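Engineer: Okay, so here is coords.txt, and as you'll see once you scroll down, it has compact mmCIF, C-alpha atoms.
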# COMPACT_ATOMS: atom_id res chain seq x y z
CA MET A 9 -44.78 -69.37 26.36
CA SER A 10 -42.42 -72.08 25.43
CA ASP A 11 -38.74 -72.27 26.16
CA HIS A 12 -38.03 -71.97 22.48
CA GLU A 13 -39.63 -68.51 22.24
CA ASN A 14 -37.69 -67.18 25.24
CA ASN A 15 -34.39 -68.41 23.82
CA ALA A 16 -35.13 -66.85 20.44
CA ALA A 17 -35.37 -63.37 21.98
CA VAL A 18 -31.75 -63.45 23.15
CA SER A 19 -30.33 -65.51 20.36
CA THR A 20 -27.21 -64.05 18.68
CA THR A 21 -28.61 -64.97 15.29
CA ASN A 22 -31.64 -62.73 15.73
CA PRO A 23 -31.55 -60.03 12.99
CA ARG A 24 -32.35 -57.23 15.43
CA TYR A 25 -29.47 -58.24 17.67
CA VAL A 26 -27.04 -58.37 14.75
CA PHE A 27 -28.14 -54.91 13.59
CA PHE A 28 -27.72 -53.28 16.97
CA VAL A 29 -24.42 -54.94 17.77
CA PHE A 30 -22.67 -54.76 14.40
CA ALA A 31 -24.35 -52.11 12.26
CA PHE A 32 -25.55 -49.44 14.70
CA PRO A 33 -22.15 -48.48 16.26
CA PRO A 34 -20.40 -47.89 12.93
CA LEU A 35 -23.41 -45.88 11.71
CA PHE A 36 -23.34 -43.87 14.92
CA ILE A 37 -19.57 -43.21 14.52
CA MET A 38 -20.01 -42.16 10.89
CA ALA A 39 -22.88 -39.80 11.82
CA PHE A 40 -20.79 -38.30 14.62
CA ALA A 41 -17.82 -37.83 12.26
CA LEU A 42 -20.10 -36.16 9.70
CA VAL A 43 -21.36 -33.73 12.35
CA ILE A 44 -17.78 -32.88 13.31
CA VAL A 45 -16.78 -32.29 9.67
CA ILE A 46 -19.79 -30.05 9.02
CA TYR A 47 -19.29 -28.13 12.26
CA SER A 48 -15.59 -27.56 11.60
CA SER A 49 -16.22 -26.44 8.02
CA LEU A 50 -18.69 -23.83 9.22
CA PHE A 51 -16.11 -22.25 11.52
CA GLU A 52 -12.95 -23.01 9.55
CA GLY A 53 -12.97 -19.69 7.65
CA SER A 54 -13.07 -17.55 10.78
CA LYS A 55 -10.46 -19.67 12.52
CA LEU A 56 -8.22 -19.54 9.46
CA LYS A 57 -8.58 -15.77 9.21
CA GLU A 58 -7.94 -15.41 12.92
CA SER A 59 -4.93 -17.66 12.58
CA GLU A 60 -3.51 -15.64 9.66
CA GLU A 61 -4.03 -12.40 11.58
CA ALA A 62 -2.38 -13.86 14.66
CA VAL A 63 0.61 -15.05 12.62
CA ALA A 64 0.94 -11.65 10.92
CA ALA A 65 0.86 -9.93 14.31
CA ARG A 66 3.55 -12.23 15.69
CA ILE A 67 5.97 -11.81 12.78
CA GLN A 68 5.81 -8.03 12.45
CA PRO A 69 9.21 -6.36 12.30
CA VAL A 70 10.55 -4.99 15.56
CA ALA A 71 11.24 -1.59 14.02
CA ARG A 72 10.68 0.29 10.82
CA VAL A 73 12.70 3.10 9.25
CA GLU A 74 10.72 5.89 7.69
CA LEU A 75 12.29 8.99 6.26
CA ALA A 76 10.00 11.86 7.07
CA SER A 77 10.09 15.26 5.49
CA ALA A 78 11.29 18.22 7.52
CA SER A 79 8.94 19.72 10.03
CA ALA A 80 5.52 20.58 8.72
CA SER A 81 5.84 24.14 9.98
CA ALA A 82 8.65 24.90 7.53
CA ALA A 83 7.49 25.53 4.00
CA LYS A 84 9.19 23.58 1.23
CA GLY A 85 12.04 25.65 -0.13
CA SER A 86 12.64 27.52 3.10
CA ARG A 87 14.02 24.69 5.24
CA THR A 88 17.53 25.00 6.63
CA GLY A 89 20.31 22.55 5.92
CA GLU A 90 20.17 21.37 9.50
CA GLU A 91 16.42 20.63 9.22
CA ILE A 92 16.96 18.56 6.06
CA VAL A 93 19.90 16.71 7.60
CA THR A 94 18.02 16.01 10.82
CA SER A 95 14.87 14.79 9.07
CA THR A 96 16.44 12.72 6.27
CA CYS A 97 20.22 12.64 5.90
CA ALA A 98 21.04 11.76 9.50
CA ALA A 99 19.46 8.33 9.08
CA CYS A 100 22.68 7.25 7.33
CA HIS A 101 25.19 10.10 7.77
CA ALA A 102 24.90 10.15 11.58
CA THR A 103 25.65 6.43 11.86
CA GLY A 104 27.68 5.64 8.78
CA ALA A 105 25.02 3.20 7.56
CA ALA A 106 25.46 1.76 4.04
CA GLY A 107 28.93 3.27 3.76
CA ALA A 108 27.78 6.89 4.15
CA PRO A 109 30.49 9.20 5.50
CA LYS A 110 29.65 10.14 9.07
CA ILE A 111 29.09 13.81 9.79
CA GLY A 112 32.26 15.12 11.43
CA ASP A 113 34.57 12.39 10.06
CA LYS A 114 37.12 14.59 8.29
CA ALA A 115 39.07 11.67 6.83
CA ALA A 116 35.97 10.18 5.21
CA TRP A 117 34.80 13.53 3.87
CA ALA A 118 38.20 14.78 2.61
CA PRO A 119 38.06 13.12 -0.85
CA ARG A 120 34.46 14.21 -1.27
CA LEU A 121 35.15 17.80 -0.27
CA GLY A 122 37.71 18.00 -3.09
CA GLN A 123 34.79 17.89 -5.55
CA GLY A 124 33.53 21.20 -4.20
CA LEU A 125 29.93 22.09 -3.47
CA SER A 126 28.83 21.78 -7.11
CA GLY A 127 30.32 18.26 -7.42
CA LEU A 128 28.72 17.13 -4.15
CA LEU A 129 25.38 18.66 -5.17
CA LYS A 130 25.49 16.87 -8.54
CA SER A 131 26.32 13.56 -6.83
CA ALA A 132 23.60 13.98 -4.19
CA THR A 133 20.99 15.00 -6.76
CA ALA A 134 21.61 11.91 -8.88
CA GLY A 135 22.20 9.55 -5.95
CA LYS A 136 25.34 7.58 -5.24
CA ASN A 137 25.92 3.97 -4.18
CA ALA A 138 23.20 3.15 -1.62
CA MET A 139 22.00 6.77 -1.40
CA PRO A 140 18.88 7.44 -3.48
CA PRO A 141 18.52 10.67 -5.48
CA LYS A 142 18.34 13.66 -3.15
CA GLY A 143 19.00 11.27 -0.29
CA GLY A 144 15.37 10.18 -0.50
CA SER A 145 14.14 13.62 0.53
CA ASP A 146 11.73 16.01 -1.12
CA ALA A 147 14.24 18.87 -0.79
CA THR A 148 14.56 21.53 -3.41
CA GLU A 149 17.97 22.03 -5.03
CA THR A 150 18.71 24.96 -2.69
CA GLU A 151 17.65 22.99 0.39
CA LEU A 152 19.77 20.04 -0.72
CA ALA A 153 22.75 22.37 -1.17
CA ARG A 154 22.14 23.77 2.34
CA ALA A 155 22.11 20.23 3.76
CA ILE A 156 25.38 19.41 1.97
CA VAL A 157 26.98 22.63 3.24
CA PHE A 158 25.81 21.83 6.77
CA MET A 159 27.29 18.30 6.73
CA ALA A 160 30.46 19.32 4.87
CA ASN A 161 31.20 22.26 7.17
CA LYS A 162 30.80 19.98 10.20
CA SER A 163 33.34 17.71 8.52
CA GLY A 164 36.11 20.20 7.75
CA ALA A 165 34.88 22.26 4.79
CA SER A 166 34.19 25.97 4.73
CA PHE A 167 31.49 26.18 2.08
CA LYS A 168 29.17 29.18 1.95
CA GLU A 169 25.49 28.47 2.31
CA PRO A 170 23.63 29.06 -0.93
CA VAL A 171 20.92 31.68 -1.21
CA ASP A 172 17.48 31.10 -2.69
CA LYS A 173 17.30 31.40 -6.47
CA LYS A 174 14.12 33.42 -6.78
How does this structure look as structure tokens?
Structural biologist:
Amino acid sequence: MSDHENNAAVSTTNPRYVFFVFAFPPLFIMAFALVIVIYSSLFEGSKLKESEEAVAARIQPVARVELASASASAAKGSRTGEEIVTSTCAACHATGAAGAPKIGDKAAWAPRLGQGLSGLLKSATAGKNAMPPKGGSDATETELARAIVFMANKSGASFKEPVDKK
């Protein structure tokens, strides 16, 4: 073999050398990037869903207020005023939340007691200010009246508890 043939094999102008040095690495990088894109798109949906679930779990409220009906053992219509107050009304009337008069606060209840039981019952049935109709309870009219009598009597009134209208 001549010297010319040996030099041609390592020459930088050889087309095979140019391909491997300049064209192969970019092709390899593009192929690798394509594999990464395809791989990530296959698993993106599950990661996104997992991510949304994880975010929702992290931003849940610390507490939740739910007004529950009176005990399940008491039939609707036969619950006492105290049961209705404990299960529903106390959420606001025990703490004074949303401007509700606190049970036992005679000064706050005095103007309201002047309306009498019928006036308070009418106001509670329709709802007033932040209080929803019937205080958000499922109480019958008699049960609602019992609850009002219970709270009012603890706050300075002397109302008589209503009897069932059967």
Engineer: Any chance you could work out the axis-aligned box around range 129-147 of chain A, listed atoms only, 6 Å on each side, giving centre and edge lengths in Å to one decimal, as JSON?
Structural biologist:
{"center_x": 19.0, "center_y": 11.0, "center_z": -4.2, "size_x": 26.6, "size_y": 27.7, "size_z": 21.4}
Engineer: In Å to one decimal, how far is CA of Ala134 in chain A from CA of Ala108 in chain A?
Structural biologist: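 If I compute the distance from CA of Ala108 in chain A to CA of Ala134 in chain A, I get 15.3 Å.
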Engineer: What does the distance between CA of Lys110 in chain A and CA of Thr133 in chain A come to in Å, to one decimal place?
Structural biologist: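 Computed distance, CA of Lys110 in chain A to CA of Thr133 in chain A, equals 18.7 Å.
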Engineer: Using all atoms listed in the file, which residue out of A:Ala65, A:Pro170, A:Phe28, A:Gly143 lies closest to Cys100 in chain A?
Structural biologist: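 With all atoms listed in the file as the atom set, the closest residue is A:Gly143.
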Engineer: What does the distance from CA of Ser126 in chain A to CA of Lys84 in chain A come to in Å, to one decimal?
Structural biologist: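 Calculated distance between CA of Ser126 in chain A and CA of Lys84 in chain A is 21.4 Å.
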Engineer: Taking (29.5, 15.8, 9.5) as a centre in this file's frame and 9 Å as the limit, can you find every polymer residue with an atom that close, using all atoms listed in the file, and give them as a PyMOL selection string?
Structural biologist: chain A and resi 101-102+109-114+117+158-164
Engineer: Please produce a file of those selected residues containing C-alpha atoms, as a PDB file, in the coordinates of the input.
Structural biologist:
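Below you can see selection-v7.pdb, which holds the result:
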ATOM      1  CA  HIS A 101      25.190  10.100   7.770  1.00  0.00           C
ATOM      2  CA  ALA A 102      24.900  10.150  11.580  1.00  0.00           C
ATOM      3  CA  PRO A 109      30.490   9.200   5.500  1.00  0.00           C
ATOM      4  CA  LYS A 110      29.650  10.140   9.070  1.00  0.00           C
ATOM      5  CA  ILE A 111      29.090  13.810   9.790  1.00  0.00           C
ATOM      6  CA  GLY A 112      32.260  15.120  11.430  1.00  0.00           C
ATOM      7  CA  ASP A 113      34.570  12.390  10.060  1.00  0.00           C
ATOM      8  CA  LYS A 114      37.120  14.590   8.290  1.00  0.00           C
ATOM      9  CA  TRP A 117      34.800  13.530   3.870  1.00  0.00           C
ATOM     10  CA  PHE A 158      25.810  21.830   6.770  1.00  0.00           C
ATOM     11  CA  MET A 159      27.290  18.300   6.730  1.00  0.00           C
ATOM     12  CA  ALA A 160      30.460  19.320   4.870  1.00  0.00           C
ATOM     13  CA  ASN A 161      31.200  22.260   7.170  1.00  0.00           C
ATOM     14  CA  LYS A 162      30.800  19.980  10.200  1.00  0.00           C
ATOM     15  CA  SER A 163      33.340  17.710   8.520  1.00  0.00           C
ATOM     16  CA  GLY A 164      36.110  20.200   7.750  1.00  0.00           C
TER      17      GLY A 164
END
Engineer: So, counting all atoms listed in the file, which residue among A:Ala116, A:Pro140, A:Gly135, A:Glu90 is closest to Ile156 in chain A?
Structural biologist: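 Ranked by minimum distance to Ile156 in chain A, first place goes to A:Glu90.
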Engineer: Can you pull out the residues contacting Glu149 in chain A? Cut-off 12 Å, using only C-alpha atoms, and skip same-chain residues under 4 positions away; I want them as a list in words.
Structural biologist: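 Near neighbours after the sequence-gap exclusion: Lys84, Gly85, Ser86, Arg87, Gly89, Ile92, Ser126, Leu128, Leu129, Lys130, Ala132, Thr133, Ala134, Pro141, Lys142, Gly143, Ser145, Ala153, Arg154, Ala155, Ile156, Pro170, Val171, Asp172 and Lys173 of chain A.
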